[in-house]
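Student: Have a peek at my_file-v5.tsv (TSV, C-alpha atoms).
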chain	number	residue	atom	x	y	z
N	538	MET	CA	-5.85	5.64	-13.75
N	539	MET	CA	-6.12	3.43	-10.66
N	540	SER	CA	-2.59	2.16	-11.14
N	541	LEU	CA	-1.16	5.70	-11.11
N	542	PRO	CA	-0.43	5.79	-7.32
N	543	PHE	CA	1.51	2.52	-7.57
N	544	LEU	CA	3.38	3.85	-10.60
N	545	LEU	CA	4.37	7.03	-8.76
N	546	PHE	CA	5.41	5.11	-5.63
N	547	ALA	CA	7.45	2.68	-7.73
N	548	CYS	CA	9.15	5.60	-9.49
N	549	GLY	CA	9.87	7.05	-6.05
N	550	LEU	CA	11.44	3.79	-4.92
N	551	GLY	CA	13.52	3.73	-8.08
N	552	ALA	CA	14.68	7.29	-7.43
N	553	ALA	CA	15.52	6.38	-3.84
N	554	TRP	CA	17.54	3.41	-5.09
N	555	LEU	CA	19.47	5.82	-7.36
N	556	ARG	CA	20.19	8.03	-4.31
N	557	GLN	CA	17.84	10.80	-5.49
N	558	ARG	CA	16.10	11.40	-2.18
N	559	GLY	CA	14.43	14.69	-3.19
N	560	ALA	CA	12.92	13.15	-6.30
N	561	ALA	CA	11.81	10.12	-4.28
N	562	MET	CA	9.96	12.32	-1.80
N	563	GLY	CA	8.43	14.25	-4.72
N	564	PHE	CA	7.10	11.06	-6.27
N	565	TRP	CA	5.76	9.99	-2.87
N	566	VAL	CA	3.89	13.29	-2.38
N	567	ALA	CA	2.46	13.09	-5.91
N	568	GLY	CA	1.37	9.49	-5.30
N	569	LEU	CA	-0.31	10.42	-2.04
N	570	VAL	CA	-2.17	13.33	-3.67
N	571	VAL	CA	-3.37	11.07	-6.51
N	572	LEU	CA	-4.40	8.47	-3.93
N	573	LEU	CA	-6.48	11.07	-2.06
N	574	VAL	CA	-8.10	12.27	-5.31
N	575	LEU	CA	-8.98	8.69	-6.29
N	576	PHE	CA	-10.38	8.09	-2.80
N	577	ARG	CA	-12.59	11.18	-3.16
N	578	VAL	CA	-13.78	10.02	-6.60
N	579	HIS	CA	-14.75	6.61	-5.21
N	580	MET	CA	-16.75	7.97	-2.27
N	581	THR	CA	-20.00	7.76	-4.17
N	582	ASP	CA	-22.37	5.93	-1.78
N	583	VAL	CA	-24.05	7.79	1.06
N	584	LEU	CA	-23.27	6.13	4.38
N	585	ASN	CA	-26.38	4.78	6.08
N	586	ILE	CA	-25.27	5.68	9.58
N	587	ALA	CA	-26.04	8.37	12.13
N	588	LEU	CA	-23.02	10.07	13.66
H	14	MET	CA	18.51	2.95	20.17
H	15	PRO	CA	21.49	2.37	17.86
H	16	SER	CA	20.98	3.04	14.18
H	17	ASP	CA	21.48	-0.65	13.38
H	18	LEU	CA	18.66	-1.72	15.70
H	19	SER	CA	16.44	0.96	14.19
H	20	ARG	CA	17.30	-0.32	10.72
H	21	LEU	CA	16.52	-3.88	11.78
H	22	LEU	CA	13.12	-2.84	13.15
H	23	ASN	CA	12.39	-0.88	9.96
H	24	ALA	CA	13.35	-3.90	7.87
H	25	LEU	CA	11.04	-6.13	9.90
H	26	GLY	CA	8.27	-3.53	9.54
H	27	LEU	CA	8.75	-3.39	5.77
H	28	ILE	CA	8.72	-7.20	5.60
H	29	ALA	CA	5.40	-7.10	7.47
H	30	VAL	CA	4.06	-4.67	4.85
H	31	ASP	CA	5.44	-6.94	2.10
H	32	THR	CA	3.63	-9.87	3.71
H	33	VAL	CA	0.31	-8.02	3.87
H	34	LEU	CA	0.55	-7.01	0.19
H	35	ALA	CA	1.64	-10.52	-0.81
H	36	LEU	CA	-1.30	-12.05	1.07
H	37	ALA	CA	-3.60	-9.69	-0.83
H	38	PHE	CA	-2.20	-11.17	-4.05
H	39	VAL	CA	-2.73	-14.70	-2.69
H	40	ASP	CA	-6.36	-13.83	-1.97
H	41	GLN	CA	-6.72	-12.37	-5.47
H	42	LEU	CA	-4.98	-15.13	-7.43
H	43	TRP	CA	-5.56	-18.28	-5.38
H	44	PHE	CA	-9.06	-17.61	-4.01
H	45	ARG	CA	-10.10	-15.56	-7.09
H	46	ASP	CA	-11.27	-12.70	-4.86
H	47	LEU	CA	-10.81	-9.67	-7.12
H	48	PRO	CA	-10.12	-6.43	-5.23
H	49	CYS	CA	-12.74	-3.68	-5.25
H	50	PRO	CA	-11.67	-0.06	-5.96
H	51	LEU	CA	-11.39	0.77	-2.24
H	52	CYS	CA	-9.40	-2.46	-1.72
H	53	ILE	CA	-6.93	-1.34	-4.42
H	54	LEU	CA	-6.65	2.08	-2.78
H	55	GLN	CA	-5.89	0.37	0.55
H	56	ARG	CA	-3.08	-1.54	-1.16
H	57	ALA	CA	-1.80	1.84	-2.38
H	58	GLY	CA	-2.08	3.08	1.22
H	59	PHE	CA	0.16	0.24	2.36
H	60	THR	CA	2.61	1.13	-0.39
H	61	ALA	CA	2.56	4.80	0.67
H	62	ALA	CA	3.14	3.83	4.30
H	63	GLY	CA	5.87	1.32	3.52
H	64	PHE	CA	7.65	3.96	1.43
H	65	GLY	CA	8.90	5.74	4.57
H	66	LEU	CA	10.25	2.49	6.01
H	67	ALA	CA	12.01	1.81	2.70
H	68	LEU	CA	13.64	5.25	2.82
H	69	ASN	CA	14.79	4.51	6.39
H	70	LEU	CA	16.54	1.41	5.09
H	71	LEU	CA	18.31	3.24	2.27
H	72	TYR	CA	19.19	6.53	3.96
H	73	GLY	CA	19.08	5.72	7.65
H	74	PRO	CA	16.29	6.69	10.03
H	75	ARG	CA	14.96	10.25	9.72
H	76	PRO	CA	11.88	11.85	11.29
H	77	SER	CA	10.60	12.82	7.83
H	78	HIS	CA	10.62	9.15	6.76
H	79	TYR	CA	8.58	8.18	9.80
H	80	GLY	CA	6.28	11.10	8.95
H	81	ALA	CA	5.78	9.65	5.46
H	82	THR	CA	4.85	6.30	6.97
H	83	ILE	CA	2.41	7.85	9.44
H	84	LEU	CA	0.75	9.99	6.73
H	85	GLY	CA	0.48	7.05	4.34
H	86	ALA	CA	-0.97	4.85	7.08
H	87	ALA	CA	-3.43	7.61	8.05
H	88	VAL	CA	-4.68	7.85	4.46
H	89	GLY	CA	-4.90	4.05	4.23
H	90	ALA	CA	-6.75	3.87	7.54
H	91	SER	CA	-9.23	6.48	6.28
H	92	ILE	CA	-9.94	4.37	3.20
H	93	SER	CA	-10.40	1.15	5.18
H	94	MET	CA	-12.59	2.96	7.74
H	95	ARG	CA	-14.75	4.25	4.89
H	96	GLN	CA	-15.23	0.65	3.71
H	97	ILE	CA	-15.94	-0.58	7.26
H	98	LEU	CA	-18.62	2.12	7.62
H	99	LEU	CA	-20.21	1.06	4.32
H	100	TYR	CA	-21.00	-2.37	5.81
H	101	ILE	CA	-21.10	-1.62	9.53
H	102	VAL	CA	-24.88	-1.81	9.79
H	103	PRO	CA	-25.93	-5.47	10.15
H	104	GLY	CA	-27.68	-6.75	7.05
H	105	THR	CA	-25.99	-4.33	4.64
H	106	GLY	CA	-23.67	-7.00	3.26
H	107	SER	CA	-19.90	-7.13	3.03
H	108	TYR	CA	-17.16	-7.42	0.43
H	109	GLY	CA	-14.84	-10.38	-0.01
H	110	ASN	CA	-13.86	-13.22	2.25
H	111	ALA	CA	-13.64	-13.02	6.04
H	112	ILE	CA	-10.49	-14.26	7.79
H	113	LEU	CA	-10.74	-15.16	11.50
H	114	GLY	CA	-14.09	-13.41	11.61
H	115	LEU	CA	-12.91	-10.09	10.19
H	116	HIS	CA	-12.99	-8.89	6.59
H	117	LEU	CA	-9.80	-7.78	4.88
H	118	TYR	CA	-10.66	-4.09	5.13
H	119	THR	CA	-11.04	-4.44	8.91
H	120	TRP	CA	-7.67	-6.20	9.14
H	121	ALA	CA	-6.25	-3.42	6.96
H	122	PHE	CA	-7.50	-0.77	9.39
H	123	ILE	CA	-5.90	-2.65	12.31
H	124	ALA	CA	-2.62	-2.93	10.39
H	125	PHE	CA	-2.61	0.80	9.53
H	126	ALA	CA	-3.30	1.66	13.17
H	127	LEU	CA	-0.44	-0.60	14.30
H	128	MET	CA	1.90	1.11	11.82
H	129	ILE	CA	1.04	4.54	13.21
H	130	VAL	CA	1.53	3.35	16.81
H	131	GLY	CA	4.78	1.57	15.89
H	132	CYS	CA	6.22	4.68	14.23
H	133	ALA	CA	5.19	6.83	17.18
H	134	ILE	CA	7.03	4.47	19.53
H	135	LEU	CA	10.13	4.41	17.31
H	136	LEU	CA	10.13	8.22	17.15
H	137	PHE	CA	10.57	8.38	20.93
H	138	ASP	CA	14.25	7.46	20.69
H	139	ASN	CA	16.32	10.34	19.34
H	140	ARG	CA	19.64	8.46	19.44
H	141	GLN	CA	18.85	6.79	16.10
H	142	PHE	CA	18.93	10.23	14.44
H	143	ALA	CA	22.21	11.32	16.05
H	144	LYS	CA	24.61	10.34	13.29
H	145	PRO	CA	24.56	7.88	10.42
H	146	GLU	CA	26.30	4.63	11.23
H	147	PRO	CA	27.86	2.37	8.63
H	148	TRP	CA	25.83	-0.61	7.56
H	149	SER	CA	26.76	-3.66	9.55
H	150	GLN	CA	27.31	-6.89	7.67
H	151	ARG	CA	24.61	-8.57	9.77
H	152	LEU	CA	21.89	-6.26	8.47
H	153	SER	CA	22.90	-5.86	4.87
H	154	VAL	CA	20.82	-8.75	3.47
H	155	LEU	CA	17.56	-8.31	5.36
H	156	PRO	CA	16.96	-4.62	4.44
H	157	MET	CA	17.90	-5.40	0.84
H	158	VAL	CA	15.43	-8.30	0.65
H	159	ALA	CA	12.70	-6.17	2.26
H	160	PHE	CA	13.31	-3.25	-0.14
H	161	VAL	CA	13.53	-5.30	-3.33
H	162	THR	CA	10.42	-7.33	-2.41
H	163	PHE	CA	8.56	-4.07	-1.71
H	164	LEU	CA	9.57	-2.67	-5.12
H	165	VAL	CA	8.60	-5.89	-6.92
H	166	ILE	CA	5.17	-5.93	-5.21
H	167	ALA	CA	4.62	-2.25	-6.12
H	168	VAL	CA	5.34	-3.06	-9.78
H	169	GLY	CA	3.10	-6.14	-9.47
H	170	ASN	CA	0.29	-3.91	-8.25
H	171	ILE	CA	0.71	-1.64	-11.29
H	172	LEU	CA	0.24	-4.63	-13.59
H	173	SER	CA	-2.57	-6.18	-11.54
H	174	THR	CA	-4.53	-2.92	-11.40
H	175	LEU	CA	-4.10	-2.41	-15.14
H	176	LEU	CA	-5.41	-5.93	-15.76
H	177	ILE	CA	-8.43	-5.46	-13.50
H	178	CYS	CA	-9.36	-1.87	-14.30
H	179	GLY	CA	-7.71	-1.04	-17.61
H	180	ALA	CA	-6.62	2.56	-18.02
H	181	GLY	CA	-9.73	4.05	-16.41
H	182	PHE	CA	-11.59	3.68	-13.13
H	183	CYS	CA	-12.38	0.26	-11.69
H	184	PRO	CA	-15.86	-1.27	-11.71
H	185	ASP	CA	-17.52	-1.22	-8.24
H	186	ASN	CA	-17.73	-5.00	-8.00
H	187	PRO	CA	-15.20	-6.51	-10.40
H	188	THR	CA	-15.94	-10.09	-11.43
H	189	GLU	CA	-13.33	-10.50	-14.15
H	190	TYR	CA	-10.15	-8.96	-15.47
H	191	LEU	CA	-11.26	-6.07	-17.67
H	192	ILE	CA	-8.24	-6.34	-19.98
H	193	PHE	CA	-8.90	-10.02	-20.72
H	194	ASN	CA	-12.56	-9.24	-21.25
H	195	HIS	CA	-11.72	-6.56	-23.84
H	196	GLN	CA	-9.27	-8.86	-25.62
H	197	LEU	CA	-11.87	-11.60	-25.76
H	198	GLY	CA	-14.38	-9.10	-27.07
H	199	LEU	CA	-11.98	-8.00	-29.80
H	200	GLN	CA	-11.27	-11.62	-30.77
H	201	PHE	CA	-15.01	-12.31	-30.82
H	202	ALA	CA	-15.63	-9.26	-33.03
H	203	GLN	CA	-12.85	-10.29	-35.43
H	204	ALA	CA	-14.14	-13.86	-35.62
H	205	PHE	CA	-17.62	-12.76	-36.66
Can you turn what I pasted into structure tokens?

Tutor:
Amino acid sequence: MMSLPFLLFACGLGAAWLRQRGAAMGFWVAGLVVLLVLFRVHMTDVLNIAL
Amino acid sequence: MPSDLSRLLNALGLIAVDTVLALAFVDQLWFRDLPCPLCILQRAGFTAAGFGLALNLLYGPRPSHYGATILGAAVGASISMRQILLYIVPGTGSYGNAILGLHLYTWAFIAFALMIVGCAILLFDNRQFAKPEPWSQRLSVLPMVAFVTFLVIAVGNILSTLLICGAGFCPDNPTEYLIFNHQLGLQFAQAF
């Protein structure tokens, strides 16, 4: 699960290498969304600070 | 700014990202400092940010590529800031080794901020977007090395993360490679 963003970014780089720019950007967007979801999942501790 | 100069600066930027990700591997493999889940997500943030620079090398500079780098760096900076805030109160501990007085997540935040500022500065010059110029012979090797290294490190991170976390989520404070642990457990179960 945690390796999914890297997998999507690597697929995007492969698509870019094959001159498929649209697919590359699609993989990048998917990777960024997965990265944000994983970030949200890992925000479990309450911050002990006053803002 | 001519397209070739822009491509050179993007190649140097991507090599800087390659260096950061390679140093993370050095810390993991040489100093046996396994990355925490947020640390892995920051590596992914660097990969997301470097992606735009890599596209600039392959397709020439475009505002959308710089946008990808800025967005990726913003996400990465958010993750590193979250980790900084976890330990910002004195006496609440830290994670990993400190280098030159700062922990890796603090250096990561500085690097993400520099990437955003660097892209903003590069975006000021519109001449690089005017028309695509042919690759000059002088620049053909450097962008290629930067791109291929970036791809290899991305694949390396897939394998590394699989070894540390398996197919699921990572433990909060990893002390060993989960995959090896499971294999050892299976061997132990078969032996007895």

Student: With a cut-off of 10 Å and counting all atoms listed in the file, select all residues of chain H in contact with chain N and give the selection as a PyMOL selection string.

Tutor: chain H and resi 50-51+53-58+60-65+67-68+71-72+77-78+81+84-85+88-89+91-92+95-96+98-102+105+160-161+163-183+185

Student: May I have the residues within 7 Å of segment 119-122 of chain H as an MDAnalysis selection string, using all atoms listed in the file and disregarding those fewer than 4 positions away in the same chain?

Tutor: chainID H and resid 90 93:94 97 115 126

Student: Between atom CA of Leu136 of chain H and atom CA of Leu18 of chain H, what is the spacing in Å?

Tutor: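 These atoms are spaced 13.2 Å apart.
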
Student: Mind giving me the axis-aligned box for segment 113-129 of chain H with 4 Å on every side, centre plus edges in Å to one decimal, as AutoDock Vina command-line options?

Tutor:
--center_x -6.1 --center_y -5.3 --center_z 9.6 --size_x 24.0 --size_y 27.7 --size_z 17.4

Student: Just to confirm, what's the straight-line distance from atom CA of Cys52 of chain H to atom CA of Val570 of chain N in Å (one decimal)?

Tutor: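 Atom CA of Val570 of chain N lies 17.5 Å from atom CA of Cys52 of chain H.
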
Student: What does the distance between atom CA of Leu66 of chain H and atom CA of Ile28 of chain H come to in Å, to one decimal place?

Tutor: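 Going from atom CA of Leu66 of chain H over to atom CA of Ile28 of chain H covers 9.8 Å.
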
Student: Between H:Gly73, H:Asp46, H:Tyr79, H:Thr32, single out the one closest to Phe137 of chain H, counting only C-alpha atoms.

Tutor: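 Looking at the shortest contact to Phe137 of chain H, the residue is H:Tyr79.
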
Student: With all atoms listed in the file as the counted atoms, please give the residues lying no more than 10 Å from Gly131 of chain H, apart from itself and same-chain residues fewer than 6 positions off, as a list in words.

Tutor: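 Near Gly131 of chain H, the qualifying residues are Leu22, Asn23, Gly26, Tyr79, Ile83 and Phe125 of chain H.
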